[in-house]
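Here's protein-v8.cif, which has mmCIF, C-alpha atoms:
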data_query
loop_
_atom_site.label_atom_id
_atom_site.label_comp_id
_atom_site.auth_asym_id
_atom_site.auth_seq_id
_atom_site.Cartn_x
_atom_site.Cartn_y
_atom_site.Cartn_z
CA MET W 48 -8.14 -27.70 18.20
CA VAL W 49 -9.30 -25.67 21.22
CA ARG W 50 -6.06 -23.65 21.07
CA MET W 51 -6.65 -22.81 17.37
CA ARG W 52 -10.19 -21.65 18.15
CA GLY W 53 -8.80 -19.41 20.88
CA VAL W 54 -6.25 -17.92 18.49
CA ALA W 55 -8.91 -17.39 15.80
CA LEU W 56 -11.22 -15.75 18.36
CA ALA W 57 -8.40 -13.48 19.55
CA ILE W 58 -7.66 -12.45 15.94
CA LEU W 59 -11.35 -11.70 15.29
CA ILE W 60 -11.63 -9.66 18.49
CA GLY W 61 -8.45 -7.77 17.56
CA LEU W 62 -9.75 -6.97 14.07
CA ALA W 63 -13.10 -5.83 15.47
CA ALA W 64 -11.30 -3.60 17.99
CA LEU W 65 -9.13 -2.15 15.21
CA GLU W 66 -12.18 -1.43 13.05
CA GLY W 67 -14.11 0.11 15.95
CA GLY W 68 -11.13 2.11 17.15
CA ALA W 69 -10.41 3.46 13.68
CA TYR W 70 -14.05 4.47 13.30
CA ILE W 71 -14.10 6.29 16.64
CA VAL W 72 -10.81 8.10 16.04
CA LEU W 73 -11.67 9.15 12.50
CA ARG W 74 -15.24 10.11 13.31
CA PHE W 75 -14.70 12.06 16.51
CA VAL W 76 -11.02 13.12 16.63
CA PHE W 77 -9.92 14.06 13.08
CA HIS W 78 -12.24 16.58 11.50
CA VAL W 79 -10.17 18.66 9.10
CA PRO W 80 -6.48 18.13 8.35
CA MET W 81 -4.53 21.15 9.53
CA GLU W 82 -1.18 21.95 10.98
CA ARG W 83 -2.61 23.87 13.91
CA GLY W 84 -0.26 26.37 15.47
CA SER W 85 2.49 25.76 12.92
CA GLY W 86 2.11 29.15 11.29
CA LYS W 87 2.51 27.46 7.91
CA PRO W 88 0.06 28.45 5.19
CA LEU W 89 -2.01 25.49 4.03
CA PRO W 90 -3.67 24.99 0.66
CA HIS W 91 -7.46 25.18 0.58
CA ILE W 92 -7.90 21.72 -0.94
CA TRP W 93 -9.99 20.05 1.77
CA GLU W 94 -13.75 19.97 2.21
CA ARG W 95 -16.17 18.25 4.57
CA GLY W 96 -16.37 14.49 4.30
CA ASP W 97 -19.28 12.41 3.08
CA GLY W 98 -20.43 11.45 6.58
CA ARG W 99 -18.39 8.25 6.66
CA LEU W 100 -14.99 9.93 6.36
CA PRO W 101 -14.13 13.13 8.24
CA PHE W 102 -12.92 15.11 5.22
CA GLY W 103 -12.70 15.01 1.46
CA MET W 104 -10.92 16.81 -1.34
CA LYS W 105 -12.38 19.52 -3.52
CA ARG W 106 -13.22 18.47 -7.06
CA ASN W 107 -12.05 20.23 -10.23
CA TYR W 108 -9.99 22.60 -8.12
CA VAL W 109 -6.78 24.46 -8.96
CA GLU W 110 -4.68 26.45 -6.51
CA ARG W 111 -1.22 27.93 -6.63
CA HIS W 112 0.34 27.27 -3.23
CA ARG W 113 3.39 29.36 -2.34
CA THR W 114 5.57 29.31 0.75
CA ASP W 115 9.14 30.40 1.47
CA GLU W 116 10.25 26.88 0.46
CA PHE W 117 8.32 26.21 -2.74
CA ASP W 118 5.84 27.37 -5.36
CA THR W 119 3.44 24.60 -6.39
CA THR W 120 0.34 24.41 -8.52
CA ILE W 121 -2.15 21.90 -7.12
CA ARG W 122 -4.75 20.58 -9.57
CA LEU W 123 -7.46 18.22 -8.37
CA ASN W 124 -9.50 16.26 -10.90
CA ASN W 125 -13.21 15.43 -11.02
CA VAL W 126 -13.03 13.15 -7.95
CA GLY W 127 -10.42 15.07 -5.93
CA MET W 128 -7.29 13.18 -6.99
CA ARG W 129 -4.16 15.17 -7.71
CA GLU W 130 -4.03 13.83 -11.25
CA ASP W 131 -4.23 15.58 -14.62
CA ALA W 132 -6.72 13.04 -16.01
CA ASP W 133 -10.29 12.71 -14.75
CA PHE W 134 -11.43 9.43 -13.22
CA HIS W 135 -14.58 7.74 -14.53
CA GLY W 136 -14.33 4.33 -12.86
CA GLU W 137 -11.62 2.90 -15.10
CA PRO W 138 -9.75 -0.07 -13.60
CA VAL W 139 -6.59 1.00 -11.78
CA ASP W 140 -3.49 -1.15 -12.23
CA ILE W 141 -1.40 0.46 -9.49
CA GLY W 142 -2.76 2.74 -6.78
CA VAL W 143 -0.37 4.73 -4.62
CA ILE W 144 -1.60 5.63 -1.16
CA GLY W 145 0.23 7.48 1.59
CA ASP W 146 1.13 10.68 3.38
CA SER W 147 2.19 14.15 2.24
CA PHE W 148 5.09 12.69 0.24
CA THR W 149 2.61 10.63 -1.77
CA PHE W 150 0.46 13.72 -2.29
CA GLY W 151 3.57 15.54 -3.48
CA TRP W 152 3.78 18.27 -0.87
CA GLY W 153 5.92 21.03 -2.36
CA VAL W 154 6.36 19.49 -5.80
CA ASN W 155 4.42 19.80 -9.02
CA VAL W 156 2.74 16.98 -10.91
CA GLY W 157 5.42 15.10 -12.81
CA GLU W 158 7.81 15.23 -9.84
CA ARG W 159 5.95 12.89 -7.45
CA TYR W 160 7.13 9.31 -7.03
CA SER W 161 3.84 8.06 -8.51
CA ASP W 162 4.68 10.07 -11.65
CA VAL W 163 8.16 8.50 -11.82
CA LEU W 164 6.57 5.06 -11.46
CA ARG W 165 4.12 5.93 -14.27
CA SER W 166 7.01 6.92 -16.55
CA LEU W 167 8.77 3.61 -15.83
CA LEU W 168 5.65 1.51 -16.51
CA PRO W 169 3.98 2.89 -19.65
CA GLY W 170 0.62 1.35 -20.42
CA GLN W 171 -0.25 0.89 -16.75
CA ARG W 172 -2.97 3.03 -15.20
CA ILE W 173 -1.22 4.43 -12.11
CA VAL W 174 -3.05 6.80 -9.79
CA SER W 175 -2.09 8.56 -6.59
CA TYR W 176 -4.73 8.56 -3.86
CA GLY W 177 -2.57 10.97 -1.80
CA TYR W 178 -4.83 12.94 0.57
CA LEU W 179 -8.03 11.83 -1.20
CA ALA W 180 -7.76 8.65 0.89
CA GLY W 181 -6.72 10.50 4.05
CA LEU W 182 -3.61 11.02 6.11
CA ALA W 183 -2.87 7.69 7.80
CA PRO W 184 -3.43 3.91 7.45
CA PRO W 185 -6.82 3.87 9.24
CA HIS W 186 -8.04 6.51 6.74
CA TYR W 187 -6.76 4.42 3.81
CA TYR W 188 -8.52 1.32 5.08
CA LEU W 189 -11.86 3.08 5.52
CA PHE W 190 -11.51 4.93 2.20
CA LEU W 191 -11.09 1.69 0.26
CA LYS W 192 -13.79 -0.03 2.32
CA TYR W 193 -16.31 2.70 1.47
CA HIS W 194 -15.08 3.20 -2.12
CA PRO W 195 -14.33 -0.24 -3.61
CA GLU W 196 -14.33 1.29 -7.11
CA TYR W 197 -10.87 2.67 -6.27
CA ILE W 198 -9.33 -0.67 -5.26
CA PRO W 199 -6.38 -1.25 -7.63
CA ARG W 200 -4.85 -4.53 -8.75
CA THR W 201 -1.69 -3.50 -6.85
CA LEU W 202 -1.58 -1.08 -3.93
CA VAL W 203 1.62 0.76 -3.00
CA LEU W 204 1.74 2.23 0.50
CA GLY W 205 4.19 5.11 0.82
CA LEU W 206 4.73 6.40 4.35
CA LEU W 207 7.73 8.10 5.88
CA PRO W 208 7.74 6.64 9.41
CA VAL W 209 9.22 9.70 11.11
CA ASN W 210 7.27 12.28 9.12
CA ASP W 211 6.09 15.35 11.05
#

Could you express the structure from this file as structure tokens?
Amino acid sequence: MVRMRGVALAILIGLAALEGGAYIVLRFVFHVPMERGSGKPLPHIWERGDGRLPFGMKRNYVERHRTDEFDTTIRLNNVGMREDADFHGEPVDIGVIGDSFTFGWGVNVGERYSDVLRSLLPGQRIVSYGYLAGLAPPHYYLFLKYHPEYIPRTLVLGLLPVND
């Protein structure tokens, strides 16, 4: 019994350290997502965060983003999601969260893996939280903690482990 209490205490301390560490890193280290020094042009889709998260996405924003590699039109809806439909608090069946591949870096809407999933599961409300929820797992956790209205019935995490 004493051993189980010790394990439970260690788990609680670990979770508290993870929460505190994520808060410190996101609050004081990451301010605006940028590829500093890369020389790559970035879209102008980000804005200051709401005070709890370091950055957000512009709302009702459209930008044509061109590089030597691709020509993409980025449309952000009323809450900053890269979706064609506006979001008004409707229940989400499947939410896709992840990195630049989830956002669809370099591809147009209809070519992202969340769009392919949507075409395979008609009748399901499938939304991509790519970039709206941040760039990494600690961002995703805090985003859903602060915005429970976005919590889907099923959450798909899409990360490329060796990305960038």

query = So which residues get picked by the PyMOL selection byres ((chain W and resi 131) around 12) here, written as a ChimeraX atom specification?
reply = /W:107-109,120-130,132-134,155-157,162,173-175

note = Using all atoms listed in the file, the shortest atom-to-atom distance to W:Asp140 among W:Gly67, W:Pro90, W:Pro101, W:Gly170 belongs to W:Gly170

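Take the candidates W:Gly53, W:Pro184, W:Gly205, W:Pro169 and check each one against W:Ser147 using only C-alpha atoms; the shortest distance goes to W:Gly205.
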
message = Rounded to one decimal, what separation in Å do you get between atom CA of W:Arg172 and atom CA of W:Leu202?
response =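 About the pair atom CA of W:Arg172 and atom CA of W:Leu202: they are 12.1 Å apart.
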
Counting all atoms listed in the file, the option among W:Gly96, W:Gly103, W:Gly153, W:Pro199 closest to W:Pro138 =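 Under the stated criterion, the closest residue is W:Pro199.
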
ask   = Smallest atom-to-atom distance to W:Val143: which of W:Leu164, W:Ala57, W:Met51, W:Leu182, using only C-alpha atoms?
value =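 Nearest to W:Val143: W:Leu164.
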
request  = Enter the distance from atom CA of W:Val139 to atom CA of W:Gly181, in Å, rounded to one decimal.
outcome  =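 According to the coordinates, atom CA of W:Val139 and atom CA of W:Gly181 are separated by 18.5 Å.
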
query = Near W:Lys105, counting all atoms listed in the file, which residues have an atom at most 6 Å away, once you skip same-chain residues fewer than 2 positions from it, shown as a PyMOL selection string?
reply = chain W and resi 92-94+127

key: Nearby residues (all atoms listed in the file) at most 7 Å from W:Thr149, same-chain spacing under 4 positions excluded, as a list in words   = Ile144, Gly145, Arg159, Gly177 and Gly205 of chain W
